[in-house]
Each structure stands twice: as C-alpha cells, then as structure tokens.
Amino acid sequence: MQQILTASQLLTGPTDRQFAPGALLIDGGKIAAVGTPSEVERHASPTADRYDYPDATILPGLINCHVHLAFDASPDPVSALQSSSDDELLAAMQQRAHEHLFAGVTTVRDLGDRRGLITSLRDAIKRGESTGPRILAAGAPVTPKGGHCWFLGGEVDSAESIRANVRHNARIGTDLIKIMGNGGQMTPGGPGMTDAQFTSEQLRLITSEARAAGLPAAVHAYTTDAIAAAVEAGVATVEHCTFHGNDGAAALDDDLADRMALDGVAASPALPSGWRRMWDMLGPQRAEAIADRLRWLRRHDVPLIFGSDAGVPISQHGDPVSTLELYEHIGFPQADIIELATTTSARHIGLGDVTGEIRPGLDADVVVANGDPTRGVGCLRHLRRVLRAGIDSW
C-alpha cells in the first residue's frame with residue numbers, strides 16, 4: 001500500500017535539505033520519493049492513500065541513543081528492578097518502549113538491562129508481535145565484580161571472564177557491547193563516578209572481543225583518563241563524556257577531543273529530561289560548566305548524538321523533547337538539534353543506511369508535528385502522526 005504525506009514543511013534530517021511545502025511517498029514501509037507535492041505525486045499510484053497536514057512539519061523519527069527500559073525512573077529504580085520477575089520486568093519494558101514511540105522516538109539504543117532480557121522485546125517488535133521503536137540492545141554491561149550496575153548480570157574478574165562475557169552477549173544476539181569504564185550513582189555502595197573500573201589493557205581486550213564478534217562498543221565514562229583509554233581502545237561512542245579529572249573538576253583535553261573528532265568517536269552526553277531540576281540542584285556555576293562542555297565538544301567537531309538516560313530517577317521515558325530543549329537553552333541552532341537527534345545519531349550508531357533521514361530507500365520512520373520545530377523544538381510535543389516503517393504507531 002502506498003501513502004502520500006504532504007505538509008507545509010518537510011525536513012529530511014540534514015540541515016541543508018528541506019522542502020516547503022514538502023511531501024513523501026511511502027511504499028511497503030520504505031520511503032519511495034521525497035520532494036515537493038507535485039514531484040512526489042508523479043511517483044505515486046492513483047490508488048495511493050493521501051494525507052495532508054497544513055501548518056505541520058514532516059521530519060524523521062527521533063533516535064534516543066541512551067535509554068534503560070529496565071529502569072522505571074522512580075527514586076529507586078534499582079530496587080524496583082530487583083523486586084521484579086523477568087515476566088514483570090519484560091511487561092514493564094514493553095510499556096516503556098511504547099511511551100518512547102508515542103513521543104516520536106522510532107529508534108532507541110538500550111544501554112543496559114538485566115541479563116539481556118531486552119533482546120526478547122526487540123525481537124517481538126521485529127516480528128510484529130509488539131508495538132515499539134526499533135531497539136538496539138546492549139544487554140548486561142561489562143563491569144567488574146561489585147562494579148557499577150553489577151546487579152544487571154555483567155560482572156567480570158579476569159581476562160577469561162571478559163572473553164566469556166562478550167561472547168555470551170554476542171551469542172544471545174546483542175547489537176553492541178556496553179562497558180562501564182567508571183563507576184556511577186546508581187549502585188549502592190559501588191564505585192564512584194571518578195573511579196576507574198578497568199585498566200587500559202582490559203578495555204582493549206573488551207573492544208577487541210567485541211570487534212571479533214562484529215559488535216561496536218559503547219563506554220560509560222566520566223573522567224578524562226577513562227575517556228582517553230576507551231578512545232585508544234577503539235570504542236564507537238562515549239556515554240556521558242564529562243571530561244572530569246579524578247578530583248571531579250573539569251579536565252577538558254583539546255587533543256583528546258580532536259582525536260575523537262578525527263576517529264569519528266561520538267559523544268553521547270545522555271543528559272536527563274529533568275535537567276532543569278538537576279541544574280537547580282547543581283547551582284549556576286556547575287550548570288554552566290555542563291553547557292560549556294557541550295559547546296566545547298561542538299567547537300572541536302566531536303560528533304554529538306542524542307540520548308536522555310531515560311529510566312534513571314530524573315529522566316522519564318517518552319520525554320525526548322525536554323532533553324532536546326537543553327540544547328536549545330544553551331544556544332545550539334534549532335536545525336542542528338534536529339539533525340543531532342536524527343541523522344547524526346543514526347550514522348554513529350550504525351543505522352545511517354536504515355533510518356535517520358527522509359530519503360528514498362530508508363525505512364519510513366516519520367513524525368508529523370504541528371508547527372515548525374526549526375523555530376522551537378517544543379512543538380514536537382504536539383504530534384499528528386508517528387510512523388515506524390510506514391506503520392502507524394497510535
């Protein structure tokens with residue numbers, strides 16, 4: 001079945017390509033044609049279904065590169081997870097996946113769940129047995145014994161167990177390997193945010209095993225030392241990427257940022273939807289330091305990808321717009337924010353030939369929003385339609 005969608009504006013994803021008015025033709029779940037309404041009409045069957053959205057914008061579905069569907073965003077998501085059976089947790093993850101899709105997120109990258117349960121949900125969505133976004137699944141993160149998020153089931157304590165862990169994740173069908181390079185705030189009694197969890201040699205072993213399995217690696221890293229070791233080891237993305245010194249103070253490294261840009265290693269700041277509340281707690285000086293770091297990464301041409309860390313206590317599932325408004329707040333151009341959350345994110349998580357743009361041959365992952373997001377991303381809260389591979393999500 002063919003569909004023609006027309007609107008006052010169509011944003012293809014890249015900032016330099018848009019149509020006003022614009023249209024696209026969807027055929028069999030794929031994008032078949034893009035352009036002005038008259039151009040697209042020439043490619044359509046006379047029996048194609050036609051939908052017109054005046055005063056609206058068509059754009060690619062959003063991509064959230066850092067979520068945790070296993071966490072419920074409550075004040076204590078770890079206890080909630082630990083008290084849930086696998087069946088209960090899977091049902092909750094399914095509902096949270098729906099929330100992302102309903103909010104216009106057609107792809108999520110899940111960066112840590114309990115023992116790879118997420119692969120069951122991903123596969124059910126692929127088979128059409130459940131509704132949800134496309135999922136890239138990391139499974140249980142690789143972490144030392146008692147390390148950050150040990151309770152998810154990814155503990156290692158030797159080179160042999162590292163190899164076994166990565167091979168196990170590959171065997172159950174994960175799409176990438178998540179590495180806990182530093183500690184964090186979600187593990188009671190665990191290592192802190194500036195504590196290193198692996199040596200450089202161990203990081204190289206994890207990433208080499210991942211490459212042998214054909215999987216990219218994403219590293220959770222706050223400190224400059226951990227970021228440097230992970231980049232040297234060959235990770236694809238650095239999650240959080242705060243460039244802290246071991247004392248917690250900022251330790252921006254221009255040479256390392258240039259290396260990331262040269263190697264195409266993307267930074268995923270993974271800032272929460274509740275960033276305004278977080279900034280109020282941090283105070284203006286520390287909040288401005290976060291903004292300065294994002295601007296600094298951008299000046300160094302480090303690829304930035306969109307993620308919200310959804311599932312942690314101050315980041316709700318299904319609220320991508322609040323995190324996007326952070327970039328708006330600190331002065332990123334609106335069109336660049338949209339590109340960050342679509343085209344750039346798709347490219348750096350290995351989906352550039354599948355989604356992230358509105359162009360022929362890609363999956364028809366499409367959002368229709370009232371208003372013009374290039375004048376303010378808040379209009380993305382007011383959606384008319386969300387299509388995932390051409391199928392309505394509502």
# chains A, B, ... in the order shown; residues from 1 in each chain; ligands from 1
$ residues_around --residues "A:Asp16" --least-positions-apart "5" --cutoff "10 Å" --atoms "only C-alpha atoms" --output "list in words"
Leu11, Ala335 and Glu339 of chain A
$ residues_around --residues "stretch 140-144 of chain A" --least-positions-apart "5" --cutoff "6 Å" --atoms "only C-alpha atoms" --output "PyMOL selection string"
chain A and resi 112-116+152-157+178-180
$ select_by_dssp --residues "stretch 102-264 of chain A" --states "strand (DSSP E)" --output "JSON, numbers by chain"
{"A": [105, 106, 107, 108, 109, 110, 134, 135, 136, 137, 143, 144, 155, 156, 177, 178, 179, 180, 217, 218, 219, 220, 221, 222, 223, 237, 238, 239, 240, 241, 242, 243, 244]}
$ residues_around --residues "A:Ser208" --least-positions-apart "3" --cutoff "12 Å" --atoms "only C-alpha atoms" --output "PyMOL selection string"
chain A and resi 159+162-163+166-167+177+201-205+211-217+230+232-235
$ write_last_selection --atoms "C-alpha atoms" --output "PDB file, in the first residue's frame"
ATOM      1  CA  ALA A 159      40.630 -11.891  31.048  1.00  0.00           C
ATOM      2  CA  ILE A 162      35.812 -10.853  29.920  1.00  0.00           C
ATOM      3  CA  ARG A 163      36.064 -13.033  26.827  1.00  0.00           C
ATOM      4  CA  VAL A 166      31.406 -10.612  25.469  1.00  0.00           C
ATOM      5  CA  ARG A 167      30.939 -13.893  23.638  1.00  0.00           C
ATOM      6  CA  ILE A 177      28.726  -4.153  23.962  1.00  0.00           C
ATOM      7  CA  GLU A 201      44.682  -3.425  28.739  1.00  0.00           C
ATOM      8  CA  GLN A 202      41.282  -4.674  29.873  1.00  0.00           C
ATOM      9  CA  LEU A 203      39.487  -2.062  27.778  1.00  0.00           C
ATOM     10  CA  ARG A 204      41.493  -3.152  24.736  1.00  0.00           C
ATOM     11  CA  LEU A 205      40.557  -6.768  25.417  1.00  0.00           C
ATOM     12  CA  ARG A 211      35.128  -6.393  17.164  1.00  0.00           C
ATOM     13  CA  ALA A 212      35.754 -10.110  16.689  1.00  0.00           C
ATOM     14  CA  ALA A 213      32.025 -10.619  17.239  1.00  0.00           C
ATOM     15  CA  GLY A 214      31.174  -7.810  14.817  1.00  0.00           C
ATOM     16  CA  LEU A 215      29.844  -5.542  17.555  1.00  0.00           C
ATOM     17  CA  PRO A 216      30.614  -1.892  18.348  1.00  0.00           C
ATOM     18  CA  ALA A 217      31.379  -0.841  21.918  1.00  0.00           C
ATOM     19  CA  ALA A 230      38.440   3.976  25.778  1.00  0.00           C
ATOM     20  CA  GLU A 232      42.544   4.415  22.361  1.00  0.00           C
ATOM     21  CA  ALA A 233      40.871   1.014  22.704  1.00  0.00           C
ATOM     22  CA  GLY A 234      38.533   1.803  19.813  1.00  0.00           C
ATOM     23  CA  VAL A 235      35.069   2.382  21.242  1.00  0.00           C
TER      24      VAL A 235
END
$ residues_around --residues "A:Thr344" --least-positions-apart "3" --cutoff "9 Å" --atoms "only C-alpha atoms" --output "PyMOL selection string"
chain A and resi 13-14+303-306+339-341+347-349+352+356
$ write_last_selection --atoms "N, CA and C atoms" --output "PDB file, in the first residue's frame"
ATOM      1  N   GLY A  13      16.226  15.814   7.509  1.00  0.00           N
ATOM      2  CA  GLY A  13      17.193  15.425   8.536  1.00  0.00           C
ATOM      3  C   GLY A  13      18.416  16.308   8.458  1.00  0.00           C
ATOM      4  N   PRO A  14      19.202  16.227   7.391  1.00  0.00           N
ATOM      5  CA  PRO A  14      20.319  17.157   7.228  1.00  0.00           C
ATOM      6  C   PRO A  14      19.828  18.600   7.144  1.00  0.00           C
ATOM      7  N   PRO A 303      31.457  14.456  17.136  1.00  0.00           N
ATOM      8  CA  PRO A 303      30.049  14.154  16.835  1.00  0.00           C
ATOM      9  C   PRO A 303      29.245  14.013  18.124  1.00  0.00           C
ATOM     10  N   LEU A 304      28.140  14.729  18.216  1.00  0.00           N
ATOM     11  CA  LEU A 304      27.238  14.619  19.353  1.00  0.00           C
ATOM     12  C   LEU A 304      26.012  13.832  18.927  1.00  0.00           C
ATOM     13  N   ILE A 305      25.616  12.861  19.751  1.00  0.00           N
ATOM     14  CA  ILE A 305      24.413  12.103  19.462  1.00  0.00           C
ATOM     15  C   ILE A 305      23.440  12.276  20.625  1.00  0.00           C
ATOM     16  N   PHE A 306      22.170  12.040  20.331  1.00  0.00           N
ATOM     17  CA  PHE A 306      21.118  12.343  21.293  1.00  0.00           C
ATOM     18  C   PHE A 306      20.819  11.152  22.192  1.00  0.00           C
ATOM     19  N   GLU A 339      19.017  17.695  13.489  1.00  0.00           N
ATOM     20  CA  GLU A 339      19.983  16.817  12.828  1.00  0.00           C
ATOM     21  C   GLU A 339      20.676  15.912  13.840  1.00  0.00           C
ATOM     22  N   LEU A 340      21.034  16.464  15.003  1.00  0.00           N
ATOM     23  CA  LEU A 340      21.663  15.689  16.066  1.00  0.00           C
ATOM     24  C   LEU A 340      20.787  14.504  16.471  1.00  0.00           C
ATOM     25  N   ALA A 341      19.476  14.738  16.595  1.00  0.00           N
ATOM     26  CA  ALA A 341      18.552  13.723  17.096  1.00  0.00           C
ATOM     27  C   ALA A 341      18.035  12.787  16.019  1.00  0.00           C
ATOM     28  N   ARG A 347      23.718   7.772  12.075  1.00  0.00           N
ATOM     29  CA  ARG A 347      25.011   7.474  11.460  1.00  0.00           C
ATOM     30  C   ARG A 347      25.984   6.862  12.474  1.00  0.00           C
ATOM     31  N   HIS A 348      26.009   7.413  13.674  1.00  0.00           N
ATOM     32  CA  HIS A 348      27.038   6.999  14.634  1.00  0.00           C
ATOM     33  C   HIS A 348      26.634   5.803  15.481  1.00  0.00           C
ATOM     34  N   ILE A 349      25.426   5.290  15.311  1.00  0.00           N
ATOM     35  CA  ILE A 349      25.089   4.011  15.944  1.00  0.00           C
ATOM     36  C   ILE A 349      24.895   2.926  14.890  1.00  0.00           C
ATOM     37  N   GLY A 352      22.841   4.488   9.632  1.00  0.00           N
ATOM     38  CA  GLY A 352      22.723   5.536   8.627  1.00  0.00           C
ATOM     39  C   GLY A 352      22.132   5.079   7.316  1.00  0.00           C
ATOM     40  N   GLY A 356      16.938   7.671  10.086  1.00  0.00           N
ATOM     41  CA  GLY A 356      17.583   8.931  10.462  1.00  0.00           C
ATOM     42  C   GLY A 356      17.404  10.049   9.456  1.00  0.00           C
TER      43      GLY A 356
END
$ residues_around --residues "A:Val302" --least-positions-apart "3" --cutoff "8 Å" --atoms "only C-alpha atoms" --output "PyMOL selection string"
chain A and resi 257-258+260-261+264-267+297-299
$ closest_residue --among "A:Val321, A:Ala251, A:Leu121, A:Val67" --to "A:Asp87" --atoms "only C-alpha atoms"
A:Leu121
$ closest_atom_pairs --of "stretch 251-359 of chain A" --to "stretch 18-38 of chain A" --cutoff "10 Å" --atoms "only C-alpha atoms" --output "Markdown table"
| residue | atom | partner | partner_atom | distance |
| --- | --- | --- | --- | --- |
| A:Val354 | CA | A:Lys30 | CA | 9.6 |
| A:Thr355 | CA | A:Lys30 | CA | 9.9 |
| A:Glu357 | CA | A:Ile31 | CA | 9.7 |
| A:Ile358 | CA | A:Ile31 | CA | 7.0 |
| A:Arg359 | CA | A:Ile31 | CA | 6.2 |
$ atom_distance --atom1 "atom CA of A:Val105" --atom2 "atom CA of A:Ala389"
12.4 Å
$ decode --residues "stretch 118-265 of chain A" --atoms "C-alpha atoms" --output "PDB file, in the first residue's frame"
ATOM      1  CA  ILE A 118      15.772  -6.634  26.157  1.00  0.00           C
ATOM      2  CA  THR A 119      16.589  -8.903  23.198  1.00  0.00           C
ATOM      3  CA  SER A 120      13.245 -10.682  23.683  1.00  0.00           C
ATOM      4  CA  LEU A 121      11.376  -7.396  23.424  1.00  0.00           C
ATOM      5  CA  ARG A 122      13.446  -6.258  20.453  1.00  0.00           C
ATOM      6  CA  ASP A 123      12.706  -9.475  18.590  1.00  0.00           C
ATOM      7  CA  ALA A 124       8.983  -9.371  19.424  1.00  0.00           C
ATOM      8  CA  ILE A 125       8.811  -5.873  17.935  1.00  0.00           C
ATOM      9  CA  LYS A 126      10.684  -7.051  14.837  1.00  0.00           C
ATOM     10  CA  ARG A 127       8.183  -9.877  14.388  1.00  0.00           C
ATOM     11  CA  GLY A 128       5.236  -7.517  14.744  1.00  0.00           C
ATOM     12  CA  GLU A 129       4.052  -9.157  17.958  1.00  0.00           C
ATOM     13  CA  SER A 130       4.524  -5.950  19.934  1.00  0.00           C
ATOM     14  CA  THR A 131       4.449  -2.253  19.108  1.00  0.00           C
ATOM     15  CA  GLY A 132       7.537  -0.225  19.811  1.00  0.00           C
ATOM     16  CA  PRO A 133      10.543   1.549  18.382  1.00  0.00           C
ATOM     17  CA  ARG A 134      13.436  -0.202  16.719  1.00  0.00           C
ATOM     18  CA  ILE A 135      15.719  -1.340  19.545  1.00  0.00           C
ATOM     19  CA  LEU A 136      19.482  -1.704  19.579  1.00  0.00           C
ATOM     20  CA  ALA A 137      20.231  -3.821  22.639  1.00  0.00           C
ATOM     21  CA  ALA A 138      23.430  -3.899  24.672  1.00  0.00           C
ATOM     22  CA  GLY A 139      22.326  -6.466  27.249  1.00  0.00           C
ATOM     23  CA  ALA A 140      24.080  -6.525  30.622  1.00  0.00           C
ATOM     24  CA  PRO A 141      27.008  -4.056  30.727  1.00  0.00           C
ATOM     25  CA  VAL A 142      30.507  -5.388  31.263  1.00  0.00           C
ATOM     26  CA  THR A 143      31.538  -4.357  34.787  1.00  0.00           C
ATOM     27  CA  PRO A 144      33.986  -5.621  37.458  1.00  0.00           C
ATOM     28  CA  LYS A 145      32.829  -7.720  40.396  1.00  0.00           C
ATOM     29  CA  GLY A 146      30.754  -5.393  42.554  1.00  0.00           C
ATOM     30  CA  GLY A 147      31.164  -2.654  39.948  1.00  0.00           C
ATOM     31  CA  HIS A 148      28.687  -0.157  38.596  1.00  0.00           C
ATOM     32  CA  CYS A 149      25.396  -1.903  37.763  1.00  0.00           C
ATOM     33  CA  TRP A 150      26.755  -5.325  38.785  1.00  0.00           C
ATOM     34  CA  PHE A 151      23.152  -6.348  39.530  1.00  0.00           C
ATOM     35  CA  LEU A 152      22.371  -6.458  35.799  1.00  0.00           C
ATOM     36  CA  GLY A 153      24.487  -9.604  35.449  1.00  0.00           C
ATOM     37  CA  GLY A 154      27.587  -8.494  33.540  1.00  0.00           C
ATOM     38  CA  GLU A 155      30.304  -8.947  36.185  1.00  0.00           C
ATOM     39  CA  VAL A 156      33.826  -9.998  35.137  1.00  0.00           C
ATOM     40  CA  ASP A 157      37.013 -10.583  37.143  1.00  0.00           C
ATOM     41  CA  SER A 158      39.605 -11.895  34.687  1.00  0.00           C
ATOM     42  CA  ALA A 159      40.630 -11.891  31.048  1.00  0.00           C
ATOM     43  CA  GLU A 160      38.910 -15.251  30.662  1.00  0.00           C
ATOM     44  CA  SER A 161      35.636 -13.980  32.107  1.00  0.00           C
ATOM     45  CA  ILE A 162      35.812 -10.853  29.920  1.00  0.00           C
ATOM     46  CA  ARG A 163      36.064 -13.033  26.827  1.00  0.00           C
ATOM     47  CA  ALA A 164      33.255 -15.266  28.035  1.00  0.00           C
ATOM     48  CA  ASN A 165      31.035 -12.280  28.859  1.00  0.00           C
ATOM     49  CA  VAL A 166      31.406 -10.612  25.469  1.00  0.00           C
ATOM     50  CA  ARG A 167      30.939 -13.893  23.638  1.00  0.00           C
ATOM     51  CA  HIS A 168      27.833 -14.648  25.682  1.00  0.00           C
ATOM     52  CA  ASN A 169      26.315 -11.262  24.805  1.00  0.00           C
ATOM     53  CA  ALA A 170      27.098 -11.855  21.140  1.00  0.00           C
ATOM     54  CA  ARG A 171      25.569 -15.327  21.323  1.00  0.00           C
ATOM     55  CA  ILE A 172      22.259 -14.077  22.732  1.00  0.00           C
ATOM     56  CA  GLY A 173      22.093 -11.508  19.941  1.00  0.00           C
ATOM     57  CA  THR A 174      23.021  -8.147  21.421  1.00  0.00           C
ATOM     58  CA  ASP A 175      23.678  -5.336  18.967  1.00  0.00           C
ATOM     59  CA  LEU A 176      26.590  -3.779  20.840  1.00  0.00           C
ATOM     60  CA  ILE A 177      28.726  -4.153  23.962  1.00  0.00           C
ATOM     61  CA  LYS A 178      28.349  -1.677  26.835  1.00  0.00           C
ATOM     62  CA  ILE A 179      31.387  -1.104  29.064  1.00  0.00           C
ATOM     63  CA  MET A 180      31.257   0.540  32.483  1.00  0.00           C
ATOM     64  CA  GLY A 181      34.532   2.471  32.335  1.00  0.00           C
ATOM     65  CA  ASN A 182      33.839   4.467  35.507  1.00  0.00           C
ATOM     66  CA  GLY A 183      31.580   3.950  38.480  1.00  0.00           C
ATOM     67  CA  GLY A 184      28.349   5.873  38.910  1.00  0.00           C
ATOM     68  CA  GLN A 185      25.490   6.931  41.122  1.00  0.00           C
ATOM     69  CA  MET A 186      23.047   4.057  40.591  1.00  0.00           C
ATOM     70  CA  THR A 187      24.873   1.333  42.522  1.00  0.00           C
ATOM     71  CA  PRO A 188      24.514   1.461  46.314  1.00  0.00           C
ATOM     72  CA  GLY A 189      27.933   1.050  47.886  1.00  0.00           C
ATOM     73  CA  GLY A 190      29.572   0.788  44.477  1.00  0.00           C
ATOM     74  CA  PRO A 191      32.451   2.737  42.935  1.00  0.00           C
ATOM     75  CA  GLY A 192      32.030   6.469  42.386  1.00  0.00           C
ATOM     76  CA  MET A 193      31.844   8.448  39.182  1.00  0.00           C
ATOM     77  CA  THR A 194      35.573   9.192  39.061  1.00  0.00           C
ATOM     78  CA  ASP A 195      36.703   5.658  39.959  1.00  0.00           C
ATOM     79  CA  ALA A 196      38.259   3.752  37.071  1.00  0.00           C
ATOM     80  CA  GLN A 197      36.857   0.231  36.673  1.00  0.00           C
ATOM     81  CA  PHE A 198      39.164  -1.223  34.021  1.00  0.00           C
ATOM     82  CA  THR A 199      42.802  -0.890  33.015  1.00  0.00           C
ATOM     83  CA  SER A 200      43.747   0.184  29.504  1.00  0.00           C
ATOM     84  CA  GLU A 201      44.682  -3.425  28.739  1.00  0.00           C
ATOM     85  CA  GLN A 202      41.282  -4.674  29.873  1.00  0.00           C
ATOM     86  CA  LEU A 203      39.487  -2.062  27.778  1.00  0.00           C
ATOM     87  CA  ARG A 204      41.493  -3.152  24.736  1.00  0.00           C
ATOM     88  CA  LEU A 205      40.557  -6.768  25.417  1.00  0.00           C
ATOM     89  CA  ILE A 206      36.838  -5.966  25.694  1.00  0.00           C
ATOM     90  CA  THR A 207      36.775  -3.942  22.491  1.00  0.00           C
ATOM     91  CA  SER A 208      38.877  -6.469  20.567  1.00  0.00           C
ATOM     92  CA  GLU A 209      36.483  -9.258  21.599  1.00  0.00           C
ATOM     93  CA  ALA A 210      33.570  -7.055  20.574  1.00  0.00           C
ATOM     94  CA  ARG A 211      35.128  -6.393  17.164  1.00  0.00           C
ATOM     95  CA  ALA A 212      35.754 -10.110  16.689  1.00  0.00           C
ATOM     96  CA  ALA A 213      32.025 -10.619  17.239  1.00  0.00           C
ATOM     97  CA  GLY A 214      31.174  -7.810  14.817  1.00  0.00           C
ATOM     98  CA  LEU A 215      29.844  -5.542  17.555  1.00  0.00           C
ATOM     99  CA  PRO A 216      30.614  -1.892  18.348  1.00  0.00           C
ATOM    100  CA  ALA A 217      31.379  -0.841  21.918  1.00  0.00           C
ATOM    101  CA  ALA A 218      29.922   2.000  23.963  1.00  0.00           C
ATOM    102  CA  VAL A 219      31.707   3.098  27.131  1.00  0.00           C
ATOM    103  CA  HIS A 220      30.220   4.755  30.211  1.00  0.00           C
ATOM    104  CA  ALA A 221      32.983   7.227  31.073  1.00  0.00           C
ATOM    105  CA  TYR A 222      33.144  10.396  33.138  1.00  0.00           C
ATOM    106  CA  THR A 223      36.849  11.022  33.630  1.00  0.00           C
ATOM    107  CA  THR A 224      39.279  12.238  31.001  1.00  0.00           C
ATOM    108  CA  ASP A 225      41.589   9.306  31.765  1.00  0.00           C
ATOM    109  CA  ALA A 226      38.801   6.772  31.181  1.00  0.00           C
ATOM    110  CA  ILE A 227      37.695   8.543  28.008  1.00  0.00           C
ATOM    111  CA  ALA A 228      41.264   8.574  26.674  1.00  0.00           C
ATOM    112  CA  ALA A 229      41.764   4.868  27.391  1.00  0.00           C
ATOM    113  CA  ALA A 230      38.440   3.976  25.778  1.00  0.00           C
ATOM    114  CA  VAL A 231      39.125   6.035  22.651  1.00  0.00           C
ATOM    115  CA  GLU A 232      42.544   4.415  22.361  1.00  0.00           C
ATOM    116  CA  ALA A 233      40.871   1.014  22.704  1.00  0.00           C
ATOM    117  CA  GLY A 234      38.533   1.803  19.813  1.00  0.00           C
ATOM    118  CA  VAL A 235      35.069   2.382  21.242  1.00  0.00           C
ATOM    119  CA  ALA A 236      32.363   3.772  18.964  1.00  0.00           C
ATOM    120  CA  THR A 237      30.681   6.088  21.482  1.00  0.00           C
ATOM    121  CA  VAL A 238      31.460   7.638  24.846  1.00  0.00           C
ATOM    122  CA  GLU A 239      28.428   7.883  27.121  1.00  0.00           C
ATOM    123  CA  HIS A 240      28.209  10.910  29.447  1.00  0.00           C
ATOM    124  CA  CYS A 241      31.689  12.032  28.297  1.00  0.00           C
ATOM    125  CA  THR A 242      32.033  14.643  31.043  1.00  0.00           C
ATOM    126  CA  PHE A 243      35.830  15.104  30.906  1.00  0.00           C
ATOM    127  CA  HIS A 244      36.275  15.199  34.686  1.00  0.00           C
ATOM    128  CA  GLY A 245      39.573  14.905  36.483  1.00  0.00           C
ATOM    129  CA  ASN A 246      39.976  12.328  39.237  1.00  0.00           C
ATOM    130  CA  ASP A 247      39.070  15.083  41.705  1.00  0.00           C
ATOM    131  CA  GLY A 248      35.753  15.702  39.927  1.00  0.00           C
ATOM    132  CA  ALA A 249      36.775  19.078  38.489  1.00  0.00           C
ATOM    133  CA  ALA A 250      36.627  19.773  34.754  1.00  0.00           C
ATOM    134  CA  ALA A 251      39.632  18.458  32.834  1.00  0.00           C
ATOM    135  CA  LEU A 252      38.957  19.319  29.206  1.00  0.00           C
ATOM    136  CA  ASP A 253      41.597  17.920  26.849  1.00  0.00           C
ATOM    137  CA  ASP A 254      41.727  19.622  23.452  1.00  0.00           C
ATOM    138  CA  ASP A 255      43.987  16.978  21.912  1.00  0.00           C
ATOM    139  CA  LEU A 256      41.700  14.164  23.035  1.00  0.00           C
ATOM    140  CA  ALA A 257      38.633  15.950  21.673  1.00  0.00           C
ATOM    141  CA  ASP A 258      40.440  16.386  18.343  1.00  0.00           C
ATOM    142  CA  ARG A 259      41.274  12.674  18.368  1.00  0.00           C
ATOM    143  CA  MET A 260      37.618  11.805  18.909  1.00  0.00           C
ATOM    144  CA  ALA A 261      36.621  14.055  16.011  1.00  0.00           C
ATOM    145  CA  LEU A 262      39.295  12.553  13.749  1.00  0.00           C
ATOM    146  CA  ASP A 263      38.355   8.969  14.614  1.00  0.00           C
ATOM    147  CA  GLY A 264      34.610   9.627  14.478  1.00  0.00           C
ATOM    148  CA  VAL A 265      34.068   8.648  18.112  1.00  0.00           C
TER     149      VAL A 265
END
